>>> print(open('my_file.pdb').read())   # PDB, C-alpha atoms
ATOM      1  CA  MET Q   2     -19.876 -37.370  14.586  1.00  0.00           C
ATOM      2  CA  ASN Q   3     -23.027 -37.442  12.476  1.00  0.00           C
ATOM      3  CA  ASP Q   4     -24.492 -34.721  14.686  1.00  0.00           C
ATOM      4  CA  LEU Q   5     -21.635 -32.444  13.634  1.00  0.00           C
ATOM      5  CA  LEU Q   6     -22.571 -32.897   9.992  1.00  0.00           C
ATOM      6  CA  ASN Q   7     -26.195 -31.936  10.632  1.00  0.00           C
ATOM      7  CA  MET Q   8     -25.433 -28.779  12.591  1.00  0.00           C
ATOM      8  CA  PRO Q   9     -26.324 -25.529  10.826  1.00  0.00           C
ATOM      9  CA  ILE Q  10     -23.390 -23.384   9.783  1.00  0.00           C
ATOM     10  CA  THR Q  11     -23.599 -20.014  11.459  1.00  0.00           C
ATOM     11  CA  GLY Q  12     -21.355 -17.022  11.044  1.00  0.00           C
ATOM     12  CA  SER Q  13     -19.511 -15.126  13.690  1.00  0.00           C
ATOM     13  CA  SER Q  14     -21.470 -12.541  15.601  1.00  0.00           C
ATOM     14  CA  GLY Q  15     -19.082  -9.687  14.897  1.00  0.00           C
ATOM     15  CA  PRO Q  16     -17.475  -7.942  11.928  1.00  0.00           C
ATOM     16  CA  VAL Q  17     -15.378 -10.039   9.544  1.00  0.00           C
ATOM     17  CA  GLU Q  18     -12.592  -8.749   7.311  1.00  0.00           C
ATOM     18  CA  CYS Q  19     -11.936 -10.639   4.085  1.00  0.00           C
ATOM     19  CA  LEU Q  20      -9.767  -9.537   1.165  1.00  0.00           C
ATOM     20  CA  GLY Q  21      -9.830  -5.938   2.321  1.00  0.00           C
ATOM     21  CA  GLN Q  22     -13.617  -5.807   2.740  1.00  0.00           C
ATOM     22  CA  THR Q  23     -15.476  -5.698   6.049  1.00  0.00           C
ATOM     23  CA  PHE Q  24     -18.735  -7.587   6.532  1.00  0.00           C
ATOM     24  CA  SER Q  25     -21.150  -7.442   9.452  1.00  0.00           C
ATOM     25  CA  ASN Q  26     -20.583 -11.173  10.106  1.00  0.00           C
ATOM     26  CA  ASP Q  27     -19.343 -14.329   8.418  1.00  0.00           C
ATOM     27  CA  ASP Q  28     -22.783 -15.120   6.982  1.00  0.00           C
ATOM     28  CA  ALA Q  29     -22.767 -11.742   5.185  1.00  0.00           C
ATOM     29  CA  ARG Q  30     -19.262 -12.452   3.861  1.00  0.00           C
ATOM     30  CA  ARG Q  31     -20.324 -15.853   2.562  1.00  0.00           C
ATOM     31  CA  GLU Q  32     -23.539 -14.509   1.000  1.00  0.00           C
ATOM     32  CA  HIS Q  33     -21.576 -11.790  -0.826  1.00  0.00           C
ATOM     33  CA  PHE Q  34     -18.960 -14.138  -2.269  1.00  0.00           C
ATOM     34  CA  VAL Q  35     -21.449 -16.905  -3.135  1.00  0.00           C
ATOM     35  CA  ALA Q  36     -23.365 -14.365  -5.231  1.00  0.00           C
ATOM     36  CA  LEU Q  37     -20.128 -13.352  -6.992  1.00  0.00           C
ATOM     37  CA  LEU Q  38     -19.235 -17.008  -7.624  1.00  0.00           C
ATOM     38  CA  ALA Q  39     -22.725 -17.690  -8.976  1.00  0.00           C
ATOM     39  CA  GLU Q  40     -22.213 -14.879 -11.497  1.00  0.00           C
ATOM     40  CA  LYS Q  41     -18.750 -16.185 -12.376  1.00  0.00           C
ATOM     41  CA  LEU Q  42     -20.197 -19.655 -13.048  1.00  0.00           C
ATOM     42  CA  LYS Q  43     -22.364 -18.154 -15.833  1.00  0.00           C
ATOM     43  CA  ASP Q  44     -19.217 -17.169 -17.755  1.00  0.00           C
ATOM     44  CA  PRO Q  45     -18.512 -19.836 -20.442  1.00  0.00           C
ATOM     45  CA  GLU Q  46     -14.808 -18.924 -20.538  1.00  0.00           C
ATOM     46  CA  PHE Q  47     -14.516 -19.534 -16.771  1.00  0.00           C
ATOM     47  CA  ARG Q  48     -16.249 -22.908 -17.112  1.00  0.00           C
ATOM     48  CA  ASN Q  49     -13.985 -23.964 -20.012  1.00  0.00           C
ATOM     49  CA  GLN Q  50     -10.861 -24.032 -17.845  1.00  0.00           C
ATOM     50  CA  GLU Q  51      -8.992 -27.313 -17.799  1.00  0.00           C
ATOM     51  CA  GLY Q  52     -10.025 -29.341 -14.775  1.00  0.00           C
ATOM     52  CA  PHE Q  53     -13.330 -27.557 -14.241  1.00  0.00           C
ATOM     53  CA  PRO Q  54     -15.668 -29.987 -12.446  1.00  0.00           C
ATOM     54  CA  LEU Q  55     -18.656 -31.582 -14.089  1.00  0.00           C
ATOM     55  CA  GLY Q  56     -21.546 -30.523 -11.922  1.00  0.00           C
ATOM     56  CA  THR Q  57     -24.404 -28.135 -11.588  1.00  0.00           C
ATOM     57  CA  ASP Q  58     -23.956 -24.588 -10.418  1.00  0.00           C
ATOM     58  CA  GLU Q  59     -26.005 -25.454  -7.337  1.00  0.00           C
ATOM     59  CA  ALA Q  60     -23.692 -28.344  -6.439  1.00  0.00           C
ATOM     60  CA  ILE Q  61     -20.565 -26.222  -6.918  1.00  0.00           C
ATOM     61  CA  LEU Q  62     -22.019 -23.424  -4.791  1.00  0.00           C
ATOM     62  CA  ALA Q  63     -23.149 -25.846  -2.072  1.00  0.00           C
ATOM     63  CA  MET Q  64     -19.645 -27.318  -1.781  1.00  0.00           C
ATOM     64  CA  SER Q  65     -17.892 -23.937  -1.770  1.00  0.00           C
ATOM     65  CA  ASP Q  66     -17.117 -21.386   0.920  1.00  0.00           C
ATOM     66  CA  PRO Q  67     -15.867 -18.557  -1.237  1.00  0.00           C
ATOM     67  CA  PRO Q  68     -13.441 -16.900  -1.365  1.00  0.00           C
ATOM     68  CA  TYR Q  69     -11.547 -19.329   0.894  1.00  0.00           C
ATOM     69  CA  TYR Q  70     -12.547 -22.519  -0.887  1.00  0.00           C
ATOM     70  CA  THR Q  71     -14.373 -23.174  -4.117  1.00  0.00           C
ATOM     71  CA  ALA Q  72     -15.274 -26.531  -5.661  1.00  0.00           C
ATOM     72  CA  CYS Q  73     -14.016 -25.152  -8.978  1.00  0.00           C
ATOM     73  CA  PRO Q  74     -10.949 -23.090  -9.911  1.00  0.00           C
ATOM     74  CA  ASN Q  75     -10.813 -20.313  -7.314  1.00  0.00           C
ATOM     75  CA  PRO Q  76     -11.276 -16.914  -8.988  1.00  0.00           C
ATOM     76  CA  TRP Q  77      -9.954 -15.159  -5.840  1.00  0.00           C
ATOM     77  CA  LEU Q  78      -6.573 -16.896  -5.717  1.00  0.00           C
ATOM     78  CA  ALA Q  79      -4.737 -13.933  -7.241  1.00  0.00           C
ATOM     79  CA  ASP Q  80      -6.498 -11.600  -4.790  1.00  0.00           C
ATOM     80  CA  PHE Q  81      -5.273 -13.720  -1.863  1.00  0.00           C
ATOM     81  CA  VAL Q  82      -1.718 -13.631  -3.183  1.00  0.00           C
ATOM     82  CA  ASP Q  83      -1.940  -9.853  -3.643  1.00  0.00           C
ATOM     83  CA  GLN Q  84      -3.401  -9.357  -0.158  1.00  0.00           C
ATOM     84  CA  TYR Q  85      -1.325 -11.775   1.896  1.00  0.00           C
ATOM     85  CA  GLY Q  86       1.669 -12.828  -0.213  1.00  0.00           C
ATOM     86  CA  GLU Q  87       5.072 -11.272  -0.592  1.00  0.00           C
ATOM     87  CA  PRO Q  88       7.023 -11.010  -3.833  1.00  0.00           C
ATOM     88  CA  TYR Q  89       9.944 -13.351  -4.256  1.00  0.00           C
ATOM     89  CA  ASP Q  90      13.245 -11.607  -3.649  1.00  0.00           C
ATOM     90  CA  PRO Q  91      16.163 -13.643  -5.034  1.00  0.00           C
ATOM     91  CA  SER Q  92      18.658 -11.444  -3.149  1.00  0.00           C
ATOM     92  CA  GLU Q  93      17.174 -12.508   0.191  1.00  0.00           C
ATOM     93  CA  SER Q  94      18.850 -15.641   1.447  1.00  0.00           C
ATOM     94  CA  TYR Q  95      16.845 -18.485   2.911  1.00  0.00           C
ATOM     95  CA  SER Q  96      18.384 -20.949   5.286  1.00  0.00           C
ATOM     96  CA  ARG Q  97      16.752 -23.125   7.913  1.00  0.00           C
ATOM     97  CA  GLU Q  98      18.343 -25.811  10.020  1.00  0.00           C
ATOM     98  CA  PRO Q  99      16.570 -29.178   9.971  1.00  0.00           C
ATOM     99  CA  LEU Q 100      13.799 -29.375  12.541  1.00  0.00           C
ATOM    100  CA  ALA Q 101      14.004 -32.342  14.878  1.00  0.00           C
ATOM    101  CA  ILE Q 102      10.988 -32.396  17.179  1.00  0.00           C
ATOM    102  CA  ASP Q 103       8.643 -34.890  18.778  1.00  0.00           C
ATOM    103  CA  VAL Q 104       5.495 -35.016  16.638  1.00  0.00           C
ATOM    104  CA  SER Q 105       3.494 -37.403  18.815  1.00  0.00           C
ATOM    105  CA  VAL Q 106       1.160 -34.655  19.970  1.00  0.00           C
ATOM    106  CA  GLY Q 107      -2.411 -33.570  19.573  1.00  0.00           C
ATOM    107  CA  LYS Q 108      -4.369 -36.792  19.208  1.00  0.00           C
ATOM    108  CA  THR Q 109      -6.582 -35.827  22.136  1.00  0.00           C
ATOM    109  CA  ASP Q 110      -7.288 -32.362  20.748  1.00  0.00           C
ATOM    110  CA  GLN Q 111     -10.920 -31.610  19.807  1.00  0.00           C
ATOM    111  CA  LEU Q 112      -9.928 -30.525  16.292  1.00  0.00           C
ATOM    112  CA  TYR Q 113      -8.221 -33.870  15.699  1.00  0.00           C
ATOM    113  CA  LYS Q 114     -11.212 -35.813  17.027  1.00  0.00           C
ATOM    114  CA  ALA Q 115     -13.669 -33.881  14.829  1.00  0.00           C
ATOM    115  CA  HIS Q 116     -12.625 -35.791  11.692  1.00  0.00           C
ATOM    116  CA  SER Q 117     -12.494 -39.550  11.244  1.00  0.00           C
ATOM    117  CA  TYR Q 118     -10.394 -40.161   8.127  1.00  0.00           C
ATOM    118  CA  HIS Q 119      -7.376 -42.470   8.403  1.00  0.00           C
ATOM    119  CA  THR Q 120      -4.522 -40.311   7.161  1.00  0.00           C
ATOM    120  CA  LYS Q 121      -5.102 -37.299   9.355  1.00  0.00           C
ATOM    121  CA  VAL Q 122      -2.176 -35.709  11.149  1.00  0.00           C
ATOM    122  CA  PRO Q 123      -2.715 -33.643  14.289  1.00  0.00           C
ATOM    123  CA  HIS Q 124      -2.439 -29.955  13.475  1.00  0.00           C
ATOM    124  CA  LEU Q 125      -0.244 -29.504  16.530  1.00  0.00           C
ATOM    125  CA  ALA Q 126       2.317 -31.799  14.864  1.00  0.00           C
ATOM    126  CA  ILE Q 127       2.370 -29.761  11.629  1.00  0.00           C
ATOM    127  CA  VAL Q 128       2.289 -26.217  13.003  1.00  0.00           C
ATOM    128  CA  PRO Q 129       5.870 -26.173  14.353  1.00  0.00           C
ATOM    129  CA  SER Q 130       7.206 -27.214  10.936  1.00  0.00           C
ATOM    130  CA  ILE Q 131       5.199 -24.543   9.132  1.00  0.00           C
ATOM    131  CA  LEU Q 132       6.408 -21.894  11.553  1.00  0.00           C
ATOM    132  CA  HIS Q 133      10.015 -23.116  11.362  1.00  0.00           C
ATOM    133  CA  TYR Q 134      10.276 -23.276   7.562  1.00  0.00           C
ATOM    134  CA  THR Q 135       8.273 -20.147   6.702  1.00  0.00           C
ATOM    135  CA  ARG Q 136       8.134 -16.524   7.719  1.00  0.00           C
ATOM    136  CA  SER Q 137       4.648 -16.365   9.122  1.00  0.00           C
ATOM    137  CA  ARG Q 138       3.093 -12.960   9.698  1.00  0.00           C
ATOM    138  CA  ALA Q 139       0.306 -14.551  11.715  1.00  0.00           C
ATOM    139  CA  THR Q 140       2.141 -16.880  14.075  1.00  0.00           C
ATOM    140  CA  SER Q 141      -0.464 -16.625  16.835  1.00  0.00           C
ATOM    141  CA  CYS Q 142      -3.400 -17.655  14.641  1.00  0.00           C
ATOM    142  CA  TRP Q 143      -1.749 -21.005  13.877  1.00  0.00           C
ATOM    143  CA  MET Q 144      -1.582 -21.873  17.533  1.00  0.00           C
ATOM    144  CA  ALA Q 145      -5.273 -22.305  18.314  1.00  0.00           C
ATOM    145  CA  SER Q 146      -4.409 -24.837  21.002  1.00  0.00           C
ATOM    146  CA  PRO Q 147      -1.623 -24.646  23.572  1.00  0.00           C
ATOM    147  CA  ALA Q 148       1.738 -25.779  22.308  1.00  0.00           C
ATOM    148  CA  PRO Q 149       2.976 -29.147  23.534  1.00  0.00           C
ATOM    149  CA  ALA Q 150       5.256 -28.997  26.556  1.00  0.00           C
TER
END
>>> encode(input="my_file.pdb", output="structure tokens")
Amino acid sequence: MNDLLNMPITGSSGPVECLGQTFSNDDARREHFVALLAEKLKDPEFRNQEGFPLGTDEAILAMSDPPYYTACPNPWLADFVDQYGEPYDPSESYSREPLAIDVSVGKTDQLYKAHSYHTKVPHLAIVPSILHYTRSRATSCWMASPAPA
């Protein structure tokens, strides 16, 4: 497990699309958004938000993978909603039957074994519920591993 923490993070070898922009690889995407976050951190109004962490810019940048995750309020949240969200339509009815499935799956999956905290839940146990209770436009990307039989 400790070896996983010491491995260098490397980007994908091919083009990456993020928030409507295309980058040569994931490292280029990260470099671009880290630079934008670094600039945003210099803005006193941004830093004065309620709940902003006490920490150096370097620490915030080191713990962030913008625009997906930031260790401070995420300035790209609205962009994600614009890009991937759908407006609420009160005239559209929503009804789902309760989902009764066996959730004792996935504890031998590599993704599950990669983390050692006590309250983890196998992603293969959560994915069917997400797909059942939402309208996912990217159903196939949730199923990184084969579905349980």
>>> residues_around(input="my_file.pdb", residues="Q:Phe47", least_positions_apart="5", cutoff="9 Å", atoms="only C-alpha atoms", output="JSON, numbers by chain")
{"Q": [41, 42, 53, 74, 76]}
>>> resolve_selection(input="my_file.pdb", expression="the PyMOL selection byres ((chain Q and resi 15) around 7)", output="PyMOL selection string")
chain Q and resi 13-14+16-17+25-26
>>> write_last_selection(input="my_file.pdb", atoms="C-alpha atoms", output="PDB file, in the frame of the given file")
ATOM      1  CA  SER Q  13     -19.511 -15.126  13.690  1.00  0.00           C
ATOM      2  CA  SER Q  14     -21.470 -12.541  15.601  1.00  0.00           C
ATOM      3  CA  PRO Q  16     -17.475  -7.942  11.928  1.00  0.00           C
ATOM      4  CA  VAL Q  17     -15.378 -10.039   9.544  1.00  0.00           C
ATOM      5  CA  SER Q  25     -21.150  -7.442   9.452  1.00  0.00           C
ATOM      6  CA  ASN Q  26     -20.583 -11.173  10.106  1.00  0.00           C
TER       7      ASN Q  26
END
>>> axis_aligned_box(input="my_file.pdb", around="stretch 13-22 of chain Q", padding_each_side="5 Å", output="lines of an AutoDock Vina configuration file")
center_x = -15.6
center_y = -10.5
center_z = 8.4
size_x = 21.7
size_y = 19.3
size_z = 24.4
>>> atom_distance(input="my_file.pdb", atom1="atom CA of Q:Ile131", atom2="atom CA of Q:Ala115")
21.8 Å
>>> resolve_selection(input="my_file.pdb", expression="the PyMOL selection byres ((chain Q and resi 57) around 12)", output="MDAnalysis selection string")
chainID Q and resid 39 42:43 48 53:56 58:64 72:73
>>> closest_residue(input="my_file.pdb", among="Q:Pro129, Q:Glu93, Q:Leu37, Q:Pro88", to="Q:Asp66", atoms="only C-alpha atoms")
Q:Leu37
>>> closest_residue(input="my_file.pdb", among="Q:Phe34, Q:Tyr89, Q:Phe24, Q:Tyr95", to="Q:Asn75", atoms="only C-alpha atoms")
Q:Phe34
>>> atom_distance(input="my_file.pdb", atom1="atom CA of Q:Gly21", atom2="atom CA of Q:Asp83")
10.6 Å
>>> atom_distance(input="my_file.pdb", atom1="atom CA of Q:Glu46", atom2="atom CA of Q:His33")
22.0 Å
>>> closest_residue(input="my_file.pdb", among="Q:Thr135, Q:Thr23, Q:Gln84, Q:Asn49", to="Q:Ser96", atoms="all atoms listed in the file")
Q:Thr135
>>> closest_residue(input="my_file.pdb", among="Q:Pro67, Q:Glu98, Q:Arg136, Q:Pro91", to="Q:Glu32", atoms="all atoms listed in the file")
Q:Pro67
>>> closest_residue(input="my_file.pdb", among="Q:Phe81, Q:Tyr69, Q:Glu51, Q:Pro45", to="Q:Arg30", atoms="only C-alpha atoms")
Q:Tyr69
